[in-house]
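entry-v2.cif, holding mmCIF, C-alpha atoms and all ligand atoms:
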data_run
loop_
_atom_site.label_atom_id
_atom_site.label_comp_id
_atom_site.auth_asym_id
_atom_site.auth_seq_id
_atom_site.Cartn_x
_atom_site.Cartn_y
_atom_site.Cartn_z
CA MET T 1 90.40 -108.03 -186.67
CA ASN T 2 93.49 -106.31 -185.41
CA GLN T 3 96.52 -104.31 -186.46
CA ASP T 4 98.48 -107.45 -187.46
CA THR T 5 95.77 -108.46 -189.91
CA TRP T 6 95.44 -104.94 -191.32
CA SER T 7 99.21 -104.71 -191.83
CA ARG T 8 99.40 -108.18 -193.39
CA VAL T 9 96.67 -107.32 -195.89
CA ASP T 10 98.21 -103.93 -196.68
CA HIS T 11 101.55 -105.62 -197.34
CA TYR T 12 99.78 -108.12 -199.58
CA PHE T 13 98.07 -105.31 -201.54
CA CYS T 14 101.31 -103.34 -201.87
CA ASP T 15 103.33 -106.42 -202.91
CA ALA T 16 100.64 -107.40 -205.42
CA LEU T 17 99.98 -104.02 -207.00
CA LEU T 18 102.85 -101.62 -206.39
CA PRO T 19 106.21 -102.19 -208.05
CA ASP T 20 109.38 -101.85 -205.95
CA ASP T 21 110.11 -98.17 -205.74
CA PRO T 22 113.68 -97.40 -204.62
CA VAL T 23 113.06 -93.63 -204.70
CA LEU T 24 110.14 -93.88 -202.28
CA THR T 25 111.98 -96.40 -200.09
CA ALA T 26 114.92 -93.98 -199.89
CA ALA T 27 112.56 -91.09 -199.10
CA LEU T 28 111.18 -92.98 -196.09
CA ALA T 29 114.66 -94.07 -194.95
CA ASP T 30 115.93 -90.47 -195.08
CA SER T 31 112.82 -89.27 -193.27
CA ASP T 32 113.43 -91.79 -190.47
CA ALA T 33 117.14 -90.99 -190.35
CA ALA T 34 116.35 -87.29 -189.94
CA GLY T 35 114.00 -88.13 -187.06
CA LEU T 36 110.80 -86.99 -188.78
CA PRO T 37 107.56 -88.58 -187.52
CA SER T 38 106.15 -91.54 -189.50
CA HIS T 39 103.06 -89.58 -190.45
CA HIS T 40 103.45 -90.13 -194.18
CA VAL T 41 100.65 -91.97 -195.99
CA ALA T 42 100.99 -95.72 -196.63
CA PRO T 43 102.14 -96.77 -200.13
CA ASN T 44 98.68 -97.94 -201.19
CA GLN T 45 97.25 -94.64 -199.89
CA GLY T 46 99.92 -92.76 -201.87
CA GLN T 47 98.80 -94.68 -204.94
CA LEU T 48 95.18 -93.73 -204.12
CA LEU T 49 96.15 -90.03 -204.03
CA HIS T 50 97.98 -90.52 -207.34
CA LEU T 51 94.91 -92.16 -208.88
CA PHE T 52 92.61 -89.39 -207.61
CA ALA T 53 94.93 -86.81 -209.19
CA ARG T 54 94.94 -88.73 -212.49
CA MET T 55 91.15 -89.21 -212.46
CA GLN T 56 90.83 -85.49 -211.87
CA GLY T 57 93.27 -84.70 -214.69
CA ALA T 58 94.97 -82.41 -212.18
CA LYS T 59 97.57 -80.03 -213.55
CA LYS T 60 97.86 -77.82 -210.47
CA ILE T 61 97.91 -79.46 -207.05
CA LEU T 62 98.14 -77.79 -203.64
CA GLU T 63 99.43 -79.82 -200.70
CA ILE T 64 99.18 -78.36 -197.20
CA GLY T 65 101.77 -80.22 -195.09
CA THR T 66 104.81 -81.57 -196.97
CA LEU T 67 106.61 -83.42 -194.14
CA ALA T 68 109.30 -85.47 -195.99
CA GLY T 69 107.63 -85.13 -199.38
CA TYR T 70 106.38 -88.72 -199.58
CA SER T 71 102.80 -87.94 -200.65
CA THR T 72 104.22 -85.01 -202.65
CA ILE T 73 106.12 -87.50 -204.83
CA TRP T 74 103.02 -89.66 -205.37
CA LEU T 75 101.03 -86.56 -206.38
CA ALA T 76 103.75 -85.02 -208.57
CA ARG T 77 104.10 -88.27 -210.50
CA ALA T 78 100.44 -87.87 -211.52
CA LEU T 79 101.11 -84.54 -213.25
CA PRO T 80 101.45 -83.99 -216.95
CA GLU T 81 104.58 -82.17 -218.14
CA GLY T 82 104.19 -78.51 -217.22
CA GLY T 83 102.05 -79.34 -214.19
CA GLN T 84 102.85 -78.17 -210.69
CA VAL T 85 102.55 -79.23 -207.06
CA VAL T 86 102.82 -76.39 -204.56
CA SER T 87 103.50 -77.95 -201.17
CA LEU T 88 103.47 -75.92 -197.95
CA GLU T 89 105.63 -76.89 -194.98
CA ALA T 90 106.00 -75.02 -191.69
CA ASN T 91 109.19 -76.76 -190.51
CA PRO T 92 112.38 -75.85 -192.46
CA ARG T 93 114.08 -79.13 -191.45
CA ASN T 94 111.19 -81.16 -192.86
CA ALA T 95 111.24 -79.04 -196.02
CA GLU T 96 114.97 -79.72 -196.48
CA VAL T 97 114.45 -83.49 -196.21
CA ALA T 98 111.55 -83.17 -198.65
CA ARG T 99 113.63 -81.18 -201.15
CA ILE T 100 116.28 -83.90 -201.21
CA ASN T 101 113.63 -86.62 -201.61
CA ILE T 102 111.90 -84.74 -204.42
CA GLU T 103 115.22 -84.08 -206.15
CA ARG T 104 116.14 -87.77 -205.95
CA ALA T 105 112.76 -88.57 -207.51
CA GLY T 106 113.61 -86.27 -210.44
CA LEU T 107 110.57 -84.12 -209.72
CA SER T 108 112.11 -80.81 -208.63
CA HIS T 109 110.93 -79.10 -211.82
CA LEU T 110 107.32 -79.97 -210.94
CA VAL T 111 107.33 -79.26 -207.20
CA ASP T 112 107.53 -75.97 -205.34
CA VAL T 113 108.04 -76.51 -201.60
CA ARG T 114 107.24 -73.31 -199.70
CA VAL T 115 108.57 -72.96 -196.18
CA GLY T 116 106.46 -71.13 -193.63
CA ARG T 117 103.25 -71.54 -191.72
CA ALA T 118 100.57 -72.35 -194.28
CA ILE T 119 98.33 -69.73 -192.74
CA ASP T 120 100.98 -67.17 -193.83
CA THR T 121 101.91 -68.68 -197.20
CA LEU T 122 98.37 -69.45 -198.46
CA PRO T 123 97.48 -65.75 -198.97
CA LEU T 124 100.66 -65.33 -201.06
CA LEU T 125 99.49 -68.04 -203.47
CA ALA T 126 96.35 -66.06 -204.12
CA ASP T 127 98.39 -62.86 -204.65
CA GLU T 128 100.74 -64.64 -207.07
CA GLY T 129 97.88 -65.80 -209.26
CA LEU T 130 98.73 -69.50 -208.85
CA ALA T 131 95.08 -70.43 -208.33
CA PRO T 132 92.89 -72.15 -209.18
CA PHE T 133 94.19 -75.53 -208.05
CA ASP T 134 92.57 -78.69 -209.44
CA LEU T 135 93.20 -80.76 -206.32
CA VAL T 136 94.04 -79.84 -202.72
CA PHE T 137 95.43 -82.31 -200.16
CA ILE T 138 95.07 -81.05 -196.58
CA ASP T 139 97.52 -82.95 -194.37
CA ALA T 140 99.03 -80.56 -191.83
CA ASP T 141 98.21 -79.49 -188.23
CA LYS T 142 94.62 -80.54 -187.65
CA PRO T 143 93.53 -77.58 -185.45
CA SER T 144 94.01 -75.36 -188.52
CA ASN T 145 91.85 -77.51 -190.81
CA PRO T 146 88.98 -74.95 -190.78
CA GLN T 147 91.30 -72.19 -192.06
CA TYR T 148 92.85 -74.59 -194.58
CA LEU T 149 89.38 -75.38 -195.91
CA ASP T 150 88.58 -71.66 -196.23
CA TRP T 151 91.78 -71.08 -198.18
CA SER T 152 91.28 -74.17 -200.32
CA LEU T 153 87.92 -72.76 -201.36
CA LYS T 154 89.43 -69.35 -202.13
CA LEU T 155 92.03 -71.07 -204.32
CA ALA T 156 89.54 -73.44 -205.98
CA ARG T 157 87.40 -73.50 -209.11
CA LYS T 158 84.21 -75.35 -209.93
CA GLY T 159 85.32 -79.01 -209.99
CA THR T 160 88.29 -78.73 -207.61
CA VAL T 161 88.74 -81.81 -205.41
CA ILE T 162 89.62 -81.29 -201.74
CA ILE T 163 90.98 -84.26 -199.76
CA GLY T 164 91.51 -84.19 -195.98
CA ASP T 165 93.83 -86.70 -194.27
CA ASN T 166 93.54 -88.17 -190.77
CA VAL T 167 89.93 -87.27 -190.08
CA VAL T 168 89.09 -90.17 -187.73
CA ARG T 169 91.24 -89.22 -184.73
CA ASN T 170 90.96 -92.75 -183.31
CA GLY T 171 87.17 -92.49 -183.39
CA GLU T 172 87.10 -89.29 -181.33
CA VAL T 173 85.84 -87.35 -184.36
CA ALA T 174 82.38 -88.60 -183.34
CA ASN T 175 82.75 -87.16 -179.82
CA PRO T 176 81.23 -83.67 -179.59
CA HIS T 177 82.71 -83.21 -176.09
CA SER T 178 86.33 -83.92 -177.04
CA GLU T 179 88.77 -81.37 -175.66
CA ASP T 180 91.50 -82.42 -178.09
CA ALA T 181 92.30 -79.47 -180.39
CA ASN T 182 92.96 -81.90 -183.27
CA VAL T 183 89.51 -83.44 -182.88
CA GLN T 184 87.89 -80.02 -182.55
CA GLY T 185 89.69 -78.83 -185.70
CA VAL T 186 88.51 -81.83 -187.70
CA ARG T 187 84.93 -81.52 -186.38
CA ARG T 188 84.81 -77.83 -187.32
CA PHE T 189 86.22 -78.78 -190.75
CA PHE T 190 83.28 -81.19 -191.19
CA GLU T 191 80.77 -78.57 -190.01
CA LEU T 192 82.14 -76.08 -192.52
CA MET T 193 82.04 -78.60 -195.36
CA ALA T 194 78.47 -79.54 -194.45
CA ALA T 195 77.30 -75.92 -194.27
CA ASN T 196 78.94 -74.81 -197.50
CA PRO T 197 76.57 -74.99 -200.47
CA ARG T 198 79.59 -75.02 -202.82
CA LEU T 199 80.73 -78.42 -201.50
CA ARG T 200 79.58 -81.99 -201.93
CA ALA T 201 81.57 -84.15 -199.49
CA THR T 202 81.98 -87.56 -197.91
CA ALA T 203 84.39 -89.27 -195.53
CA ILE T 204 85.66 -92.84 -195.37
CA GLN T 205 87.18 -94.79 -192.46
CA THR T 206 90.25 -96.86 -193.29
CA VAL T 207 92.35 -99.58 -191.66
CA GLY T 208 95.79 -100.68 -192.79
CA SER T 209 99.48 -100.55 -192.00
CA LYS T 210 98.94 -97.03 -190.63
CA GLY T 211 96.25 -98.20 -188.20
CA TYR T 212 92.68 -96.98 -188.01
CA ASP T 213 92.10 -93.64 -189.74
CA GLY T 214 90.26 -92.12 -192.67
CA PHE T 215 90.00 -89.31 -195.15
CA SER T 216 87.45 -86.83 -196.42
CA LEU T 217 86.78 -86.17 -200.07
CA ALA T 218 84.91 -83.17 -201.46
CA ILE T 219 84.22 -81.55 -204.79
CA VAL T 220 83.58 -77.84 -205.32
CA GLU T 221 80.27 -77.63 -207.16
CA GLY T 222 80.13 -73.96 -207.83
C1 LIG Y 301 99.11 -87.40 -187.61
C2 LIG Y 301 99.15 -86.51 -188.65
C3 LIG Y 301 99.18 -86.97 -189.94
O1 LIG Y 301 99.18 -86.13 -191.01
C4 LIG Y 301 99.20 -88.33 -190.20
O2 LIG Y 301 99.19 -88.72 -191.50
C5 LIG Y 301 99.19 -89.24 -189.17
C6 LIG Y 301 99.14 -88.76 -187.86
C7 LIG Y 301 99.05 -86.91 -186.21
O3 LIG Y 301 99.08 -85.70 -186.03
O4 LIG Y 301 98.95 -87.72 -185.31
MG MG Y 302 98.38 -87.21 -192.70
#
Now that the file is in, can you turn its structure into structure tokens?
Ligand code: DHB
Ligand code: MG
Amino acid sequence: MNQDTWSRVDHYFCDALLPDDPVLTAALADSDAAGLPSHHVAPNQGQLLHLFARMQGAKKILEIGTLAGYSTIWLARALPEGGQVVSLEANPRNAEVARINIERAGLSHLVDVRVGRAIDTLPLLADEGLAPFDLVFIDADKPSNPQYLDWSLKLARKGTVIIGDNVVRNGEVANPHSEDANVQGVRRFFELMAANPRLRATAIQTVGSKGYDGFSLAIVEG
């Protein structure tokens, strides 16, 4: 098995199950044109996030790491009228691309993109009374994952779902001696999830058009 096979199967799944989506295609084209990294989720992963949000009946979603707003669009489309995605983005250029993409998708009324380091903007959400969120998607700088988990828990309720992207780090997540700050951040994130009696969690490895990776999934039990 190799990347060609994984990509071929992902394209088959996407062709079979996901209708053509000019708004999402344009979002990716604009992201590329603006020179943003191709770190957005794959279309079938976007649909998975959308399905998780629907299964959860999520009305309030927190996304940490907007990038070009690709996953934001998948999540916002899962909301009922009156729902809200608050998406945090450190880089103002990324946030501007995201705003245009979200506007083109007709979702501006449901999405609040906040510019600033999440570590600075997360406390404001608590102060503004926006919590509790029904679903949190953590998809930003991996060294900060432990702090993002802490904040997710502060902004959660019993039943909140917390999803973490990119937890495999090319397999290095299983290396306790890694000196990579991304790996260390993800490992600490796992330790904190494991040690927290409020959380029931798992993690799944994935292959596909985005390579070898995986995500974590947790529910707040109390
Ligand atoms: C990386 C980050 C992401 O959020 C992603 O989806 C893919 C890769 C990275 O930092 O390498
Ligand atoms: Mg990611």
Per residue of chain T within 7 Å of ligand MG 302 (chain Y), what are the shortest atom pair and its distance in Å to one decimal, counting all atoms listed in the file, with rows by chain and residue number, as JSON lines?
{"residue": "T:His39", "atom": "CA", "partner": "Y:MG302", "partner_atom": "MG", "distance": 5.7}
{"residue": "T:His40", "atom": "CA", "partner": "Y:MG302", "partner_atom": "MG", "distance": 6.0}
{"residue": "T:Val41", "atom": "CA", "partner": "Y:MG302", "partner_atom": "MG", "distance": 6.2}
{"residue": "T:Asp139", "atom": "CA", "partner": "Y:MG302", "partner_atom": "MG", "distance": 4.7}
{"residue": "T:Ala140", "atom": "CA", "partner": "Y:MG302", "partner_atom": "MG", "distance": 6.7}
{"residue": "T:Asp165", "atom": "CA", "partner": "Y:MG302", "partner_atom": "MG", "distance": 4.8}
{"residue": "T:Asn166", "atom": "CA", "partner": "Y:MG302", "partner_atom": "MG", "distance": 5.3}
I need the residues from that last selection saved to file as a compact mmCIF listing (two decimals), in the frame of the given file (with C-alpha atoms), if you can.
# COMPACT_ATOMS: atom_id res chain seq x y z
CA HIS T 39 103.06 -89.58 -190.45
CA HIS T 40 103.45 -90.13 -194.18
CA VAL T 41 100.65 -91.97 -195.99
CA ASP T 139 97.52 -82.95 -194.37
CA ALA T 140 99.03 -80.56 -191.83
CA ASP T 165 93.83 -86.70 -194.27
CA ASN T 166 93.54 -88.17 -190.77
Find the residues near ligand LIG 301 (chain Y). Use a cut-off of 10 Å, count all atoms listed in the file, and write them as a list of chain:residue names.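 Counting only what the definition allows, namely all atoms listed in the file, the set is T:Pro37, T:Ser38, T:His39, T:His40, T:Val41, T:Ala42, T:Ile64, T:Gly65, T:Thr66, T:Leu67, T:Ser71, T:Ile138, T:Asp139, T:Ala140, T:Asp141, T:Lys142, T:Pro143, T:Gly164, T:Asp165, T:Asn166, T:Val167, T:Arg169, T:Asn170, T:Asn182, T:Lys210, T:Gly211, T:Asp213, T:Gly214, T:Phe215.
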Within 12 Å of range 117-134 of chain T, which residues of range 7-103 of chain T come that close, and what is the closest atom pair and distance in Å for each? Count only C-alpha atoms and give it as a tab-separated table.
residue	atom	partner	partner_atom	distance
T:Phe52	CA	T:Asp134	CA	10.9
T:Ala53	CA	T:Asp134	CA	8.5
T:Arg54	CA	T:Asp134	CA	10.8
T:Met55	CA	T:Asp134	CA	11.0
T:Gln56	CA	T:Asp134	CA	7.4
T:Gly57	CA	T:Asp134	CA	8.0
T:Ala58	CA	T:Asp134	CA	5.2
T:Lys59	CA	T:Asp134	CA	6.6
T:Lys60	CA	T:Phe133	CA	5.0
T:Ile61	CA	T:Phe133	CA	5.5
T:Leu62	CA	T:Phe133	CA	6.3
T:Glu63	CA	T:Ala118	CA	9.9
T:Ile64	CA	T:Ala118	CA	6.8
T:Gly65	CA	T:Ala118	CA	8.0
T:Thr66	CA	T:Ala118	CA	10.5
T:Leu75	CA	T:Asp134	CA	12.0
T:Leu79	CA	T:Asp134	CA	11.0
T:Gly83	CA	T:Asp134	CA	10.6
T:Gln84	CA	T:Phe133	CA	9.4
T:Val85	CA	T:Phe133	CA	9.2
T:Val86	CA	T:Leu125	CA	9.1
T:Ser87	CA	T:Ala118	CA	9.3
T:Leu88	CA	T:Ala118	CA	5.9
T:Glu89	CA	T:Arg117	CA	6.7
T:Ala90	CA	T:Arg117	CA	4.4
T:Asn91	CA	T:Arg117	CA	8.0
T:Pro92	CA	T:Arg117	CA	10.1
T:Ala95	CA	T:Arg117	CA	11.8
Figure out the distance between CA of Val186 in chain T and CA of Ser144 in chain T, please, to one decimal in Å.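 So the two atoms, CA of Ser144 in chain T and CA of Val186 in chain T, lie 8.5 Å apart.
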For the atom pair CA of Thr206 in chain T and CA of Gly185 in chain T, what is the interatomic distance in Å to one decimal place? 19.6 Å
Shell of 9 Å around Glu221 in chain T, all atoms listed in the file, local chain residues under 6 positions omitted, as a VMD selection string: chain T and resid 157 to 160 197 to 200
